[in-house]
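**Q** The structure's right below; bear with me while I get my questions together.
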Amino acid sequence: GTFNVWTKRVGNNPTIKVLLLHGGPGATHEYFEAFDSFFPGAGIEYYYYDQLGSAFSDQPNDPDLWEIARFVEEVEQVRQALHLDSRNFYLLGHSWGGILAIEYGLKYQQYLKGMVISNMMASIPAYVEYAEKVLMPAMNQAALAEIKQLEAKEDYSNPRYMELLVPHYYVDHILRMPPDEWPDPVNRAFARINNDVYIPMQGPSEMGASGKLEKWDRTADLGQINVPTLTIGGQYDTMDPKHMEKMAALLAKGRYLYCPNGSHMAMYDDQETYFDGLIEFIRDVD
């Protein structure tokens with residue numbers, strides 16, 4: 001389509017240029033501002049980027065646009081516009097951005113120098129199973145029962161839904177900090193999530209997937225990706241850290257970074273481990 005998407009470059013390095021793919025779908029680049037404290041000092045050039053439908057990019061009201069294949073072509077157009085290629089182009093996808101990175105890598109890996117899949121499993125069914133068999137049994141069961149009641153009624157806009165999710169799920173598995181201490185970039189990104197993109201693809205529930213991504217599974221295809229790829233998992237993540245370790249073994253040139261104190265936003269709650277390992281990987285590939 002004739003849409004505009006927003007990008008912003010930070011730094012200058014002819015051989016290391018990292019394009020950041022945010023989560024959601026429909027979240028924003030803003031929570032990546034944690035990178036400002038680490039990448040410039042390491043001499044890494046990086047690009048903020050809001051995908052179509054997000055924050056500073058155009059937000060067309062067309063449900064037909066929210067398909068994985070179209071997002072992949074969007075990333076490819078952004079790559080071309082930013083003049084990134086296999087001599088310098090690293091793709092880092094976090095959460096939904098990890099799905100997008102995997103899909104991009106399977107179609108366009110000839111343009112990649114390296115890839116990072118941060119806090120995302122290669123299978124949505126496996127993610128849902130992990131939530132049901134590992135995360136939910138460990139929750140406060142009275143709170144979980146009330147959350148499930150609200151979900152059964154599809155009463156997601158009820159304030160009670162987030163009142164329950166934040167203390168009983170978010171602070172354990174999304175970002176392990178007291179909610180009133182969450183960093184400003186995270187709060188801004190959450191406040192701007194475009195539900196017109198998020199709900200059709202992810203579904204309205206915060207503890208599973210029921211949208212277009214529900215059956216997505218690329219576990220069997222990971223071996224086709226031949227570029228050096230780092231997977232990042234956190235002990236307390238919504239995503240199974242053991243699955244992320246397995247992904248690294250399935251990738252042709254895979255490596256695994258484990259964040260022992262990290263959750264889904266390990267770039268904040270296990271920051272030193274996350275960035276030390278990430279920067280080491282990027283420099284090593286370079």
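Note on naming: chains are A, B, ... as they come in the structure tokens, residues start from 1 per chain, ligands start from 1 in the order shown.
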Residues within 10 Å of Ile68 in chain A, please, as a ChimeraX atom specification. Count only C-alpha atoms; anything in the same chain fewer than 3 positions from it doesn't count.

**A** /A:65,71-74,99-100,103-104,201,212-213,216

**Q** Print the selection's residues with N, CA, C and O atoms to a file, as a PDB file, in the first residue's frame.

**A**
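Just written: selection_11.pdb:
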```pdb
ATOM      1  N   LEU A  65      -4.827  -6.122   6.174  1.00  0.00           N
ATOM      2  CA  LEU A  65      -3.392  -5.839   6.181  1.00  0.00           C
ATOM      3  C   LEU A  65      -2.637  -6.642   7.231  1.00  0.00           C
ATOM      4  O   LEU A  65      -1.423  -6.810   7.120  1.00  0.00           O
ATOM      5  N   PHE A  71       3.628  -8.324   6.645  1.00  0.00           N
ATOM      6  CA  PHE A  71       4.628  -7.737   7.537  1.00  0.00           C
ATOM      7  C   PHE A  71       6.053  -8.082   7.076  1.00  0.00           C
ATOM      8  O   PHE A  71       6.964  -7.252   7.173  1.00  0.00           O
ATOM      9  N   VAL A  72       6.256  -9.313   6.589  1.00  0.00           N
ATOM     10  CA  VAL A  72       7.580  -9.705   6.088  1.00  0.00           C
ATOM     11  C   VAL A  72       7.991  -8.816   4.919  1.00  0.00           C
ATOM     12  O   VAL A  72       9.128  -8.336   4.855  1.00  0.00           O
ATOM     13  N   GLU A  73       7.059  -8.574   3.991  1.00  0.00           N
ATOM     14  CA  GLU A  73       7.376  -7.713   2.843  1.00  0.00           C
ATOM     15  C   GLU A  73       7.626  -6.271   3.296  1.00  0.00           C
ATOM     16  O   GLU A  73       8.449  -5.552   2.707  1.00  0.00           O
ATOM     17  N   GLU A  74       6.937  -5.856   4.339  1.00  0.00           N
ATOM     18  CA  GLU A  74       7.175  -4.521   4.898  1.00  0.00           C
ATOM     19  C   GLU A  74       8.604  -4.397   5.417  1.00  0.00           C
ATOM     20  O   GLU A  74       9.300  -3.402   5.136  1.00  0.00           O
ATOM     21  N   ILE A  99       8.801 -13.628  15.931  1.00  0.00           N
ATOM     22  CA  ILE A  99       8.076 -14.355  14.880  1.00  0.00           C
ATOM     23  C   ILE A  99       8.392 -13.731  13.530  1.00  0.00           C
ATOM     24  O   ILE A  99       8.711 -14.427  12.552  1.00  0.00           O
ATOM     25  N   LEU A 100       8.315 -12.423  13.480  1.00  0.00           N
ATOM     26  CA  LEU A 100       8.556 -11.693  12.240  1.00  0.00           C
ATOM     27  C   LEU A 100      10.000 -11.900  11.756  1.00  0.00           C
ATOM     28  O   LEU A 100      10.238 -12.079  10.548  1.00  0.00           O
ATOM     29  N   GLU A 103      10.302 -15.409  10.256  1.00  0.00           N
ATOM     30  CA  GLU A 103       9.662 -15.456   8.939  1.00  0.00           C
ATOM     31  C   GLU A 103      10.498 -14.701   7.901  1.00  0.00           C
ATOM     32  O   GLU A 103      10.637 -15.157   6.757  1.00  0.00           O
ATOM     33  N   TYR A 104      11.053 -13.567   8.291  1.00  0.00           N
ATOM     34  CA  TYR A 104      11.909 -12.819   7.371  1.00  0.00           C
ATOM     35  C   TYR A 104      13.153 -13.651   7.030  1.00  0.00           C
ATOM     36  O   TYR A 104      13.561 -13.742   5.861  1.00  0.00           O
ATOM     37  N   MET A 201      -4.558 -10.654  15.472  1.00  0.00           N
ATOM     38  CA  MET A 201      -3.415 -11.551  15.288  1.00  0.00           C
ATOM     39  C   MET A 201      -3.105 -12.386  16.519  1.00  0.00           C
ATOM     40  O   MET A 201      -2.911 -13.594  16.430  1.00  0.00           O
ATOM     41  N   LYS A 212      -4.866 -14.936  14.504  1.00  0.00           N
ATOM     42  CA  LYS A 212      -4.276 -15.529  13.300  1.00  0.00           C
ATOM     43  C   LYS A 212      -2.975 -16.276  13.595  1.00  0.00           C
ATOM     44  O   LYS A 212      -2.553 -17.124  12.815  1.00  0.00           O
ATOM     45  N   LEU A 213      -2.334 -15.951  14.712  1.00  0.00           N
ATOM     46  CA  LEU A 213      -1.066 -16.595  15.066  1.00  0.00           C
ATOM     47  C   LEU A 213      -1.253 -17.922  15.810  1.00  0.00           C
ATOM     48  O   LEU A 213      -0.269 -18.606  16.104  1.00  0.00           O
ATOM     49  N   TRP A 216       0.620 -20.928  14.489  1.00  0.00           N
ATOM     50  CA  TRP A 216       1.946 -20.669  13.917  1.00  0.00           C
ATOM     51  C   TRP A 216       3.005 -21.542  14.580  1.00  0.00           C
ATOM     52  O   TRP A 216       3.108 -21.591  15.800  1.00  0.00           O
TER      53      TRP A 216
END
```

**Q** Excluding Gly105 in chain A and its own-chain neighbours fewer than 3 positions away, which residues fall within 10 Å of it when counting only C-alpha atoms? Please give them as a list of chain:residue names.

**A** A:Val72, A:Leu91, A:Ile99, A:Leu100, A:Ala101, A:Ile102, A:Tyr108, A:Gln109, A:Gln110, A:Tyr111, A:Leu112, A:Gly114, A:Met115, A:Leu222, A:Gln224, A:Ile225, A:Asn226, A:Val227, A:Thr229

**Q** Per DSSP on the backbone, what are the strand (DSSP E) residues of range 41-285 of chain A, as a list in words?

**A**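 Checking each residue of range 41-285 of chain A, the strand (DSSP E) ones are Glu45, Tyr46, Tyr47, Tyr48, Tyr49, Asp50, Phe89, Tyr90, Leu91, Leu92, Gly93, His94, Gly114, Met115, Val116, Ile117, Ser118, Thr229, Leu230, Thr231, Ile232, Gly233, Gly234, Gly254, Arg255, Tyr256, Leu257, Tyr258 and Cys259 of chain A.
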
**Q** With distances taken over only C-alpha atoms, which of A:Ala220, A:Ala131, A:Val166, A:Leu175 is nearest to Ala266 in chain A?

**A**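 Result for the nearest residue to Ala266 in chain A: A:Leu175.
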
**Q** What's the separation between CA of Lys215 in chain A and CA of Ser123 in chain A, in Å to one decimal place?

**A**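 Straight-line distance from CA of Lys215 in chain A to CA of Ser123 in chain A works out to 7.8 Å.
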
**Q** Please list as JSON, numbers by chain every residue within 6 Å of Gly97 in chain A, counting only C-alpha atoms and excluding residues in the same chain fewer than 6 positions away.

**A** {"A": [21, 22, 23]}

**Q** Got a sec: who's within 10 Å of range 1-10 of chain A, counting only C-alpha atoms, leaving out chain neighbours fewer than 6 positions off, as an MDAnalysis selection string?

**A** chainID A and resid 17:20 29 36 39:40 44:60 65 74 78 82

**Q** As a count of residues only, please: the residues near Met267 in chain A (cut-off 12 Å, only C-alpha atoms, same-chain neighbours under 4 positions excluded).

**A** 34

**Q** Which neighbours of Arg255 in chain A fall inside 9 Å, counting only C-alpha atoms, when residues of the same chain fewer than 4 positions from it are skipped, and could you give them as a ChimeraX atom specification?

**A** /A:228-232,245,247-249,251,281

**Q** Any idea what's packed within 7 Å of range 24-27 of chain A, counting only C-alpha atoms, ignoring anything in its chain fewer than 5 positions away? Could you give it as a ChimeraX atom specification?

**A** /A:53-54,96,189-190,192-195,197-198

**Q** Next, the residues of the selection above should be written as a PDB file, in the first residue's frame with N, CA and C atoms.

**A**
```
ATOM      1  N   GLY A  53       0.697   0.328  11.474  1.00  0.00           N
ATOM      2  CA  GLY A  53      -0.340   0.155  12.486  1.00  0.00           C
ATOM      3  C   GLY A  53       0.101   0.530  13.881  1.00  0.00           C
ATOM      4  N   SER A  54       1.382   0.898  14.032  1.00  0.00           N
ATOM      5  CA  SER A  54       1.930   1.172  15.360  1.00  0.00           C
ATOM      6  C   SER A  54       2.379   2.619  15.505  1.00  0.00           C
ATOM      7  N   TRP A  96       6.556 -10.789  19.495  1.00  0.00           N
ATOM      8  CA  TRP A  96       6.023 -10.906  18.133  1.00  0.00           C
ATOM      9  C   TRP A  96       7.091 -10.568  17.089  1.00  0.00           C
ATOM     10  N   ALA A 189       4.993   2.359  25.654  1.00  0.00           N
ATOM     11  CA  ALA A 189       4.742   1.335  24.633  1.00  0.00           C
ATOM     12  C   ALA A 189       3.436   0.588  24.909  1.00  0.00           C
ATOM     13  N   PHE A 190       3.212   0.235  26.183  1.00  0.00           N
ATOM     14  CA  PHE A 190       1.977  -0.468  26.524  1.00  0.00           C
ATOM     15  C   PHE A 190       0.753   0.417  26.299  1.00  0.00           C
ATOM     16  N   ARG A 192       0.276   2.609  24.124  1.00  0.00           N
ATOM     17  CA  ARG A 192       0.000   2.875  22.715  1.00  0.00           C
ATOM     18  C   ARG A 192      -0.369   1.643  21.908  1.00  0.00           C
ATOM     19  N   ILE A 193      -0.443   0.474  22.521  1.00  0.00           N
ATOM     20  CA  ILE A 193      -0.738  -0.737  21.742  1.00  0.00           C
ATOM     21  C   ILE A 193      -2.036  -0.553  20.946  1.00  0.00           C
ATOM     22  N   ASN A 194      -1.952  -0.872  19.669  1.00  0.00           N
ATOM     23  CA  ASN A 194      -3.104  -0.758  18.779  1.00  0.00           C
ATOM     24  C   ASN A 194      -3.861  -2.087  18.771  1.00  0.00           C
ATOM     25  N   ASN A 195      -4.976  -2.133  19.492  1.00  0.00           N
ATOM     26  CA  ASN A 195      -5.733  -3.381  19.589  1.00  0.00           C
ATOM     27  C   ASN A 195      -6.361  -3.800  18.268  1.00  0.00           C
ATOM     28  N   VAL A 197      -4.759  -4.106  15.659  1.00  0.00           N
ATOM     29  CA  VAL A 197      -3.760  -5.009  15.093  1.00  0.00           C
ATOM     30  C   VAL A 197      -3.547  -6.199  16.028  1.00  0.00           C
ATOM     31  N   TYR A 198      -3.445  -5.894  17.320  1.00  0.00           N
ATOM     32  CA  TYR A 198      -3.095  -6.919  18.316  1.00  0.00           C
ATOM     33  C   TYR A 198      -4.146  -8.028  18.398  1.00  0.00           C
TER      34      TYR A 198
END
```

**Q** For the alpha helix (DSSP H) assignment from backbone DSSP, which residues of range 43-218 of chain A qualify? Please present them as a PyMOL selection string.

**A** chain A and resi 68-82+96-108+124-130+141-152+159-165+184-191+195-202

**Q** Mind pulling up the distance from CA of Asp62 in chain A to CA of Gly203 in chain A?

**A**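 Calculated distance between CA of Gly203 in chain A and CA of Asp62 in chain A is 16.8 Å.
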
**Q** Considering only C-alpha atoms, state which residue in the set A:Ile124, A:Met139, A:Leu84, A:Met207 is at the smallest distance from Glu151 in chain A.

**A**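 Closest to Glu151 in chain A of all the choices is A:Met207.
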
**Q** From the set A:Ile199, A:Met239, A:Val128, A:Met244, which residue has the shortest atom-to-atom contact distance to Pro63 in chain A, counting only C-alpha atoms?

**A** A:Ile199

**Q** Can you work out the spacing between CA of Asp284 in chain A and CA of Leu250 in chain A in Å, to one decimal?

**A** 20.1 Å

**Q** Find the residue from A:Arg188, A:Arg70, A:His243, A:His264 that sits nearest to Glu30 in chain A; use only C-alpha atoms when measuring.

**A** A:Arg188
